[in-house]
file query-v7.tsv (TSV, C-alpha atoms and all ligand atoms)
chain	number	residue	atom	x	y	z
V	1	MET	CA	13.61	-27.15	9.14
V	2	GLU	CA	15.05	-25.52	12.18
V	3	THR	CA	13.43	-24.30	15.33
V	4	ALA	CA	14.09	-20.62	15.99
V	5	GLY	CA	12.85	-20.28	19.55
V	6	GLN	CA	9.39	-19.61	20.95
V	7	SER	CA	7.87	-22.24	18.67
V	8	PHE	CA	8.73	-20.39	15.49
V	9	VAL	CA	10.17	-22.56	12.74
V	10	ARG	CA	12.17	-21.50	9.71
V	11	VAL	CA	10.34	-22.77	6.64
V	12	ALA	CA	11.78	-20.92	3.63
V	13	ARG	CA	13.95	-18.10	2.43
V	14	ILE	CA	11.91	-14.97	1.81
V	15	HIS	CA	12.92	-14.80	-1.84
V	16	GLU	CA	11.58	-18.32	-2.39
V	17	VAL	CA	8.03	-17.06	-1.83
V	18	GLU	CA	7.30	-15.48	-5.18
V	19	PRO	CA	4.49	-12.96	-5.67
V	20	GLY	CA	1.46	-14.64	-7.20
V	21	LEU	CA	2.72	-18.16	-6.50
V	22	PRO	CA	1.73	-19.99	-3.30
V	23	LEU	CA	4.50	-22.06	-1.75
V	24	GLY	CA	3.70	-25.25	0.14
V	25	VAL	CA	5.97	-26.34	2.99
V	26	ILE	CA	5.76	-29.15	5.53
V	27	LEU	CA	6.72	-28.61	9.15
V	28	ASP	CA	8.62	-31.23	11.11
V	29	ASP	CA	5.42	-32.13	12.94
V	30	GLY	CA	3.74	-32.90	9.62
V	31	ARG	CA	1.60	-29.78	9.36
V	32	ARG	CA	1.30	-28.55	5.81
V	33	ILE	CA	1.51	-24.79	5.40
V	34	CYS	CA	0.83	-22.60	2.37
V	35	LEU	CA	2.80	-19.34	2.17
V	36	VAL	CA	1.50	-16.40	0.13
V	37	ARG	CA	3.40	-13.21	-0.48
V	38	ASP	CA	1.74	-9.78	-0.44
V	39	GLY	CA	4.42	-7.22	-1.14
V	40	GLU	CA	6.84	-7.35	1.77
V	41	THR	CA	4.42	-9.37	3.89
V	42	ILE	CA	4.07	-13.15	3.85
V	43	HIS	CA	0.97	-14.92	5.11
V	44	ALA	CA	0.73	-18.53	6.26
V	45	VAL	CA	-2.41	-20.65	6.14
V	46	GLU	CA	-2.96	-24.37	6.39
V	47	ASP	CA	-2.23	-26.08	3.08
V	48	ARG	CA	-5.46	-28.05	3.14
V	49	CYS	CA	-8.62	-26.87	1.49
V	50	PRO	CA	-11.53	-27.49	3.88
V	51	HIS	CA	-13.75	-28.52	0.95
V	52	ARG	CA	-12.07	-31.84	0.15
V	53	ASP	CA	-8.74	-31.64	2.04
V	54	PHE	CA	-6.62	-31.16	-1.07
V	55	ALA	CA	-3.57	-28.89	-1.10
V	56	LEU	CA	-4.07	-25.20	-1.81
V	57	SER	CA	-0.44	-24.55	-2.67
V	58	GLY	CA	-0.94	-25.70	-6.26
V	59	GLY	CA	-3.47	-22.92	-6.74
V	60	ASP	CA	-3.17	-19.32	-7.78
V	61	VAL	CA	-3.06	-15.97	-6.05
V	62	VAL	CA	-5.95	-14.36	-7.92
V	63	ALA	CA	-5.96	-11.01	-6.08
V	64	PRO	CA	-3.83	-9.52	-3.33
V	65	CYS	CA	-4.14	-11.86	-0.33
V	66	VAL	CA	-6.60	-14.16	-2.12
V	67	VAL	CA	-5.69	-17.74	-2.98
V	68	GLU	CA	-7.84	-19.94	-5.19
V	69	CYS	CA	-7.96	-23.69	-4.66
V	70	PRO	CA	-6.85	-25.50	-7.83
V	71	TRP	CA	-9.44	-28.24	-7.40
V	72	HIS	CA	-12.89	-26.65	-7.34
V	73	GLY	CA	-12.15	-22.94	-7.19
V	74	ALA	CA	-12.83	-22.02	-3.57
V	75	ARG	CA	-11.21	-18.71	-2.63
V	76	PHE	CA	-9.79	-17.65	0.72
V	77	ASP	CA	-8.44	-14.45	2.24
V	78	VAL	CA	-5.01	-15.52	3.48
V	79	ARG	CA	-4.93	-12.70	6.05
V	80	THR	CA	-7.88	-14.12	7.97
V	81	GLY	CA	-8.50	-17.56	6.43
V	82	ALA	CA	-12.06	-16.49	5.57
V	83	VAL	CA	-13.90	-18.14	2.70
V	84	LEU	CA	-14.57	-15.63	-0.10
V	85	GLN	CA	-16.05	-18.09	-2.58
V	86	GLY	CA	-17.38	-21.64	-2.26
V	87	PRO	CA	-17.71	-24.53	-2.51
V	88	ALA	CA	-15.67	-24.50	0.73
V	89	THR	CA	-17.64	-23.29	3.73
V	90	ASP	CA	-15.09	-23.48	6.56
V	91	ALA	CA	-12.27	-20.98	7.08
V	92	LEU	CA	-8.60	-21.88	6.90
V	93	ALA	CA	-6.37	-21.87	9.96
V	94	THR	CA	-3.86	-19.03	9.83
V	95	PHE	CA	-0.45	-18.87	11.48
V	96	VAL	CA	1.72	-16.08	12.83
V	97	VAL	CA	4.64	-15.24	10.50
V	98	ARG	CA	7.89	-13.49	11.29
V	99	LEU	CA	10.51	-12.42	8.79
V	100	ALA	CA	14.12	-12.21	9.97
V	101	ASP	CA	17.51	-12.36	8.29
V	102	GLY	CA	16.01	-13.29	4.95
V	103	GLU	CA	14.04	-16.18	6.44
V	104	VAL	CA	10.34	-16.90	6.83
V	105	LEU	CA	9.44	-18.22	10.28
V	106	VAL	CA	6.06	-19.74	11.04
V	107	GLY	CA	4.72	-19.68	14.58
V	108	PRO	CA	1.59	-20.66	16.38
V	109	ARG	CA	-1.88	-20.79	14.96
V	110	ARG	CA	-3.74	-17.51	15.34
V	201	LIG	S1	-10.81	-29.10	-2.68
V	201	LIG	FE1	-10.64	-26.92	-2.67
V	201	LIG	S2	-12.47	-26.26	-3.60
V	201	LIG	FE2	-12.65	-28.40	-3.57

call {"tool": "encode", "arguments": {"input": "query-v7.tsv", "output": "structure tokens", "more": "lines below"}}
Ligand code: FES
result
Amino acid sequence: METAGQSFVRVARIHEVEPGLPLGVILDDGRRICLVRDGETIHAVEDRCPHRDFALSGGDVVAPCVVECPWHGARFDVRTGAVLQGPATDALATFVVRLADGEVLVGPRR
């Protein structure tokens, strides 16, 4: 992965983030990020379910901007990180995303 200035990092090509299919990526600093596409927008949240710390990126996008953890079914709004359905109780961290030249760039935590 390549740094693109101002702490934004290129993590994927836009077309690699398919609608309805979360994509997990790992930043150079080890942070795991889950990308979710909503039309022409891509959201980035931490790829770690706060319920038991398992990856969310193996889950499903069950509604626009809603990802469901594959392990015990917790649901999160990827725009805000908010829990929509337990058993998780803590929100996800969300990250600023920029799209440029066909690339997805992930920036600082919101
Ligand atoms: S690890 Fe995600 S709901 Fe349990």

call {"tool": "residues_around", "arguments": {"input": "query-v7.tsv", "residues": "Ala63 of chain V", "least_positions_apart": "5", "cutoff": "12 Å", "atoms": "all atoms listed in the file", "output": "CSV table (one decimal) with C-alpha atoms, in the coordinates of the input"}}
result
chain,number,residue,atom,x,y,z
V,19,PRO,CA,4.5,-13.0,-5.7
V,20,GLY,CA,1.5,-14.6,-7.2
V,21,LEU,CA,2.7,-18.2,-6.5
V,36,VAL,CA,1.5,-16.4,0.1
V,37,ARG,CA,3.4,-13.2,-0.5
V,38,ASP,CA,1.7,-9.8,-0.4
V,68,GLU,CA,-7.8,-19.9,-5.2
V,75,ARG,CA,-11.2,-18.7,-2.6
V,76,PHE,CA,-9.8,-17.6,0.7
V,77,ASP,CA,-8.4,-14.4,2.2
V,78,VAL,CA,-5.0,-15.5,3.5
V,84,LEU,CA,-14.6,-15.6,-0.1

call {"tool": "residues_around", "arguments": {"input": "query-v7.tsv", "residues": "Gly86 of chain V", "least_positions_apart": "3", "cutoff": "8 Å", "atoms": "all atoms listed in the file", "output": "ChimeraX atom specification"}}
result
/V:73-75,83,89

call {"tool": "closest_atom_pairs", "arguments": {"input": "query-v7.tsv", "of": "chain V", "to": "ligand LIG 201 (chain V)", "cutoff": "12 Å", "atoms": "all atoms listed in the file", "output": "tab-separated table"}}
result
residue	atom	partner	partner_atom	distance
V:Asp47	CA	V:LIG201	FE1	10.2
V:Arg48	CA	V:LIG201	FE1	7.9
V:Cys49	CA	V:LIG201	FE1	4.6
V:Pro50	CA	V:LIG201	FE1	6.6
V:His51	CA	V:LIG201	FE2	4.7
V:Arg52	CA	V:LIG201	S1	4.1
V:Asp53	CA	V:LIG201	S1	5.7
V:Phe54	CA	V:LIG201	S1	4.9
V:Ala55	CA	V:LIG201	S1	7.4
V:Leu56	CA	V:LIG201	FE1	6.8
V:Ser57	CA	V:LIG201	FE1	10.5
V:Gly58	CA	V:LIG201	FE1	10.4
V:Gly59	CA	V:LIG201	FE1	9.2
V:Asp60	CA	V:LIG201	FE1	11.8
V:Val67	CA	V:LIG201	FE1	10.4
V:Glu68	CA	V:LIG201	FE1	7.9
V:Cys69	CA	V:LIG201	FE1	4.6
V:Pro70	CA	V:LIG201	FE1	6.6
V:Trp71	CA	V:LIG201	S1	5.0
V:His72	CA	V:LIG201	S2	3.8
V:Gly73	CA	V:LIG201	S2	4.9
V:Ala74	CA	V:LIG201	S2	4.3
V:Arg75	CA	V:LIG201	S2	7.7
V:Phe76	CA	V:LIG201	FE1	9.9
V:Val83	CA	V:LIG201	S2	10.4
V:Leu84	CA	V:LIG201	S2	11.4
V:Gln85	CA	V:LIG201	S2	9.0
V:Gly86	CA	V:LIG201	S2	6.9
V:Pro87	CA	V:LIG201	S2	5.6
V:Ala88	CA	V:LIG201	S2	5.7
V:Thr89	CA	V:LIG201	S2	9.4
V:Asp90	CA	V:LIG201	FE1	10.8
V:Ala91	CA	V:LIG201	FE1	11.5
V:Leu92	CA	V:LIG201	FE1	11.0

call {"tool": "closest_atom_pairs", "arguments": {"input": "query-v7.tsv", "of": "segment 11-81 of chain V", "to": "segment 99-110 of chain V", "cutoff": "12 Å", "atoms": "all atoms listed in the file", "output": "tab-separated table"}}
result
residue	atom	partner	partner_atom	distance
V:Val11	CA	V:Val104	CA	5.9
V:Ala12	CA	V:Val104	CA	5.3
V:Arg13	CA	V:Glu103	CA	4.4
V:Ile14	CA	V:Glu103	CA	5.2
V:His15	CA	V:Gly102	CA	7.6
V:Glu16	CA	V:Val104	CA	9.4
V:Val17	CA	V:Val104	CA	9.0
V:Leu23	CA	V:Val104	CA	11.6
V:Val25	CA	V:Val106	CA	10.4
V:Ile26	CA	V:Val106	CA	10.9
V:Leu27	CA	V:Val106	CA	9.1
V:Asp28	CA	V:Val106	CA	11.8
V:Arg31	CA	V:Val106	CA	11.1
V:Arg32	CA	V:Val106	CA	11.3
V:Ile33	CA	V:Val106	CA	8.8
V:Cys34	CA	V:Val106	CA	10.5
V:Leu35	CA	V:Val104	CA	9.2
V:Val36	CA	V:Val104	CA	11.1
V:Arg37	CA	V:Val104	CA	10.7
V:Glu40	CA	V:Leu99	CA	9.4
V:Thr41	CA	V:Leu99	CA	8.4
V:Ile42	CA	V:Val104	CA	7.9
V:His43	CA	V:Val106	CA	9.2
V:Ala44	CA	V:Val106	CA	7.3
V:Val45	CA	V:Arg109	CA	8.8
V:Glu46	CA	V:Arg109	CA	9.4
V:Arg79	CA	V:Arg110	CA	10.5
V:Thr80	CA	V:Arg110	CA	9.1
V:Gly81	CA	V:Arg110	CA	10.1

call {"tool": "axis_aligned_box", "arguments": {"input": "query-v7.tsv", "around": "segment 21-40 of chain V", "padding_each_side": "4 Å", "output": "JSON"}}
result
{"center_x": 4.7, "center_y": -20.1, "center_z": 3.2, "size_x": 15.8, "size_y": 33.7, "size_z": 27.4}

call {"tool": "atom_distance", "arguments": {"input": "query-v7.tsv", "atom1": "atom CA of Val97 of chain V", "atom2": "atom CA of Gly30 of chain V"}}
result
17.7 Å

call {"tool": "atom_distance", "arguments": {"input": "query-v7.tsv", "atom1": "atom CA of Val9 of chain V", "atom2": "atom CA of Val62 of chain V"}}
result
27.5 Å

call {"tool": "closest_residue", "arguments": {"input": "query-v7.tsv", "among": "V:Pro22, V:Arg10, V:Cys65, V:Gly39", "to": "Arg98 of chain V", "atoms": "all atoms listed in the file"}}
result
V:Arg10

call {"tool": "decode", "arguments": {"input": "query-v7.tsv", "residues": "chain V", "atoms": "C-alpha atoms", "output": "PDB file, in the first residue's frame"}}
result
ATOM      1  CA  MET V   1       0.000   0.000   0.000  1.00  0.00           C
ATOM      2  CA  GLU V   2       1.147   3.454  -0.805  1.00  0.00           C
ATOM      3  CA  THR V   3       0.890   6.665   1.126  1.00  0.00           C
ATOM      4  CA  ALA V   4      -0.904   9.394  -0.795  1.00  0.00           C
ATOM      5  CA  GLY V   5      -0.164  12.416   1.361  1.00  0.00           C
ATOM      6  CA  GLN V   6      -1.915  13.816   4.416  1.00  0.00           C
ATOM      7  CA  SER V   7      -2.066  10.366   6.007  1.00  0.00           C
ATOM      8  CA  PHE V   8      -4.337   8.929   3.340  1.00  0.00           C
ATOM      9  CA  VAL V   9      -3.352   5.484   2.115  1.00  0.00           C
ATOM     10  CA  ARG V  10      -4.362   3.750  -1.083  1.00  0.00           C
ATOM     11  CA  VAL V  11      -5.996   0.463  -0.126  1.00  0.00           C
ATOM     12  CA  ALA V  12      -7.842  -0.817  -3.207  1.00  0.00           C
ATOM     13  CA  ARG V  13      -9.088  -0.033  -6.660  1.00  0.00           C
ATOM     14  CA  ILE V  14     -12.657   1.254  -6.576  1.00  0.00           C
ATOM     15  CA  HIS V  15     -13.921  -1.551  -8.793  1.00  0.00           C
ATOM     16  CA  GLU V  16     -12.559  -4.125  -6.348  1.00  0.00           C
ATOM     17  CA  VAL V  17     -15.161  -3.060  -3.777  1.00  0.00           C
ATOM     18  CA  GLU V  18     -18.221  -4.843  -5.072  1.00  0.00           C
ATOM     19  CA  PRO V  19     -21.742  -3.851  -4.044  1.00  0.00           C
ATOM     20  CA  GLY V  20     -23.041  -6.186  -1.360  1.00  0.00           C
ATOM     21  CA  LEU V  21     -19.624  -7.665  -0.605  1.00  0.00           C
ATOM     22  CA  PRO V  22     -17.437  -6.203   2.170  1.00  0.00           C
ATOM     23  CA  LEU V  23     -13.734  -6.088   1.349  1.00  0.00           C
ATOM     24  CA  GLY V  24     -11.142  -6.479   4.093  1.00  0.00           C
ATOM     25  CA  VAL V  25      -7.775  -4.745   3.722  1.00  0.00           C
ATOM     26  CA  ILE V  26      -4.798  -4.386   6.047  1.00  0.00           C
ATOM     27  CA  LEU V  27      -2.913  -1.112   6.321  1.00  0.00           C
ATOM     28  CA  ASP V  28       0.860  -1.011   6.610  1.00  0.00           C
ATOM     29  CA  ASP V  29       0.525  -0.187  10.291  1.00  0.00           C
ATOM     30  CA  GLY V  30      -1.473  -3.379  10.819  1.00  0.00           C
ATOM     31  CA  ARG V  31      -4.920  -1.818  11.125  1.00  0.00           C
ATOM     32  CA  ARG V  32      -7.598  -3.961   9.548  1.00  0.00           C
ATOM     33  CA  ILE V  33     -10.211  -2.053   7.586  1.00  0.00           C
ATOM     34  CA  CYS V  34     -13.508  -3.224   6.093  1.00  0.00           C
ATOM     35  CA  LEU V  35     -14.687  -1.381   2.971  1.00  0.00           C
ATOM     36  CA  VAL V  36     -18.368  -1.330   2.016  1.00  0.00           C
ATOM     37  CA  ARG V  37     -19.747   0.140  -1.165  1.00  0.00           C
ATOM     38  CA  ASP V  38     -22.976   2.144  -1.289  1.00  0.00           C
ATOM     39  CA  GLY V  39     -23.529   3.198  -4.870  1.00  0.00           C
ATOM     40  CA  GLU V  40     -20.691   5.543  -5.763  1.00  0.00           C
ATOM     41  CA  THR V  41     -19.695   5.966  -2.116  1.00  0.00           C
ATOM     42  CA  ILE V  42     -17.357   3.687  -0.184  1.00  0.00           C
ATOM     43  CA  HIS V  43     -17.324   3.543   3.597  1.00  0.00           C
ATOM     44  CA  ALA V  44     -14.476   2.320   5.790  1.00  0.00           C
ATOM     45  CA  VAL V  45     -14.874   0.847   9.261  1.00  0.00           C
ATOM     46  CA  GLU V  46     -12.556  -1.176  11.437  1.00  0.00           C
ATOM     47  CA  ASP V  47     -12.551  -4.821  10.394  1.00  0.00           C
ATOM     48  CA  ARG V  48     -13.017  -6.053  13.937  1.00  0.00           C
ATOM     49  CA  CYS V  49     -16.379  -6.796  15.430  1.00  0.00           C
ATOM     50  CA  PRO V  50     -16.489  -5.353  18.962  1.00  0.00           C
ATOM     51  CA  HIS V  51     -18.427  -8.393  20.183  1.00  0.00           C
ATOM     52  CA  ARG V  52     -15.611 -10.947  19.970  1.00  0.00           C
ATOM     53  CA  ASP V  53     -12.969  -9.193  17.822  1.00  0.00           C
ATOM     54  CA  PHE V  54     -13.560 -11.332  14.741  1.00  0.00           C
ATOM     55  CA  ALA V  55     -13.380  -9.893  11.224  1.00  0.00           C
ATOM     56  CA  LEU V  56     -16.494  -8.309   9.766  1.00  0.00           C
ATOM     57  CA  SER V  57     -15.287  -8.479   6.182  1.00  0.00           C
ATOM     58  CA  GLY V  58     -16.486 -12.062   5.806  1.00  0.00           C
ATOM     59  CA  GLY V  59     -20.026 -10.899   6.491  1.00  0.00           C
ATOM     60  CA  ASP V  60     -22.781  -9.591   4.299  1.00  0.00           C
ATOM     61  CA  VAL V  61     -24.162  -6.209   3.361  1.00  0.00           C
ATOM     62  CA  VAL V  62     -27.773  -6.866   4.364  1.00  0.00           C
ATOM     63  CA  ALA V  63     -29.171  -3.408   3.566  1.00  0.00           C
ATOM     64  CA  PRO V  64     -27.672  -0.224   2.142  1.00  0.00           C
ATOM     65  CA  CYS V  65     -24.851   0.790   4.501  1.00  0.00           C
ATOM     66  CA  VAL V  66     -25.540  -2.105   6.893  1.00  0.00           C
ATOM     67  CA  VAL V  67     -23.010  -4.883   7.408  1.00  0.00           C
ATOM     68  CA  GLU V  68     -23.776  -8.041   9.351  1.00  0.00           C
ATOM     69  CA  CYS V  69     -21.061  -9.837  11.279  1.00  0.00           C
ATOM     70  CA  PRO V  70     -20.711 -13.425  10.018  1.00  0.00           C
ATOM     71  CA  TRP V  71     -20.120 -14.800  13.506  1.00  0.00           C
ATOM     72  CA  HIS V  72     -23.122 -13.933  15.678  1.00  0.00           C
ATOM     73  CA  GLY V  73     -25.132 -11.585  13.495  1.00  0.00           C
ATOM     74  CA  ALA V  74     -24.429  -8.153  14.950  1.00  0.00           C
ATOM     75  CA  ARG V  75     -25.307  -5.382  12.504  1.00  0.00           C
ATOM     76  CA  PHE V  76     -23.640  -1.999  12.078  1.00  0.00           C
ATOM     77  CA  ASP V  77     -24.316   1.167  10.110  1.00  0.00           C
ATOM     78  CA  VAL V  78     -21.071   1.653   8.197  1.00  0.00           C
ATOM     79  CA  ARG V  79     -21.726   5.396   7.822  1.00  0.00           C
ATOM     80  CA  THR V  80     -21.521   5.990  11.563  1.00  0.00           C
ATOM     81  CA  GLY V  81     -20.276   2.694  13.026  1.00  0.00           C
ATOM     82  CA  ALA V  82     -23.420   2.507  15.180  1.00  0.00           C
ATOM     83  CA  VAL V  83     -24.700  -0.849  16.388  1.00  0.00           C
ATOM     84  CA  LEU V  84     -28.094  -1.638  14.833  1.00  0.00           C
ATOM     85  CA  GLN V  85     -28.441  -5.142  16.236  1.00  0.00           C
ATOM     86  CA  GLY V  86     -26.645  -7.041  19.007  1.00  0.00           C
ATOM     87  CA  PRO V  87     -25.000  -8.967  20.450  1.00  0.00           C
ATOM     88  CA  ALA V  88     -22.339  -6.264  19.929  1.00  0.00           C
ATOM     89  CA  THR V  89     -22.853  -3.204  22.101  1.00  0.00           C
ATOM     90  CA  ASP V  90     -19.949  -0.951  21.100  1.00  0.00           C
ATOM     91  CA  ALA V  91     -19.793   1.050  17.866  1.00  0.00           C
ATOM     92  CA  LEU V  92     -17.191   0.516  15.170  1.00  0.00           C
ATOM     93  CA  ALA V  93     -14.492   3.059  14.439  1.00  0.00           C
ATOM     94  CA  THR V  94     -15.047   4.726  11.073  1.00  0.00           C
ATOM     95  CA  PHE V  95     -12.451   6.273   8.786  1.00  0.00           C
ATOM     96  CA  VAL V  96     -12.471   9.094   6.265  1.00  0.00           C
ATOM     97  CA  VAL V  97     -12.483   7.821   2.660  1.00  0.00           C
ATOM     98  CA  ARG V  98     -11.451   9.612  -0.507  1.00  0.00           C
ATOM     99  CA  LEU V  99     -11.870   8.328  -4.030  1.00  0.00           C
ATOM    100  CA  ALA V 100      -9.420   9.528  -6.676  1.00  0.00           C
ATOM    101  CA  ASP V 101      -8.186   8.209 -10.006  1.00  0.00           C
ATOM    102  CA  GLY V 102      -9.986   4.916  -9.564  1.00  0.00           C
ATOM    103  CA  GLU V 103      -8.449   4.334  -6.141  1.00  0.00           C
ATOM    104  CA  VAL V 104      -9.866   4.089  -2.631  1.00  0.00           C
ATOM    105  CA  LEU V 105      -7.862   6.050  -0.074  1.00  0.00           C
ATOM    106  CA  VAL V 106      -8.388   5.641   3.653  1.00  0.00           C
ATOM    107  CA  GLY V 107      -7.512   8.473   5.998  1.00  0.00           C
ATOM    108  CA  PRO V 108      -7.770   9.232   9.662  1.00  0.00           C
ATOM    109  CA  ARG V 109     -10.321   7.885  12.061  1.00  0.00           C
ATOM    110  CA  ARG V 110     -13.411  10.073  12.289  1.00  0.00           C
TER     111      ARG V 110
END
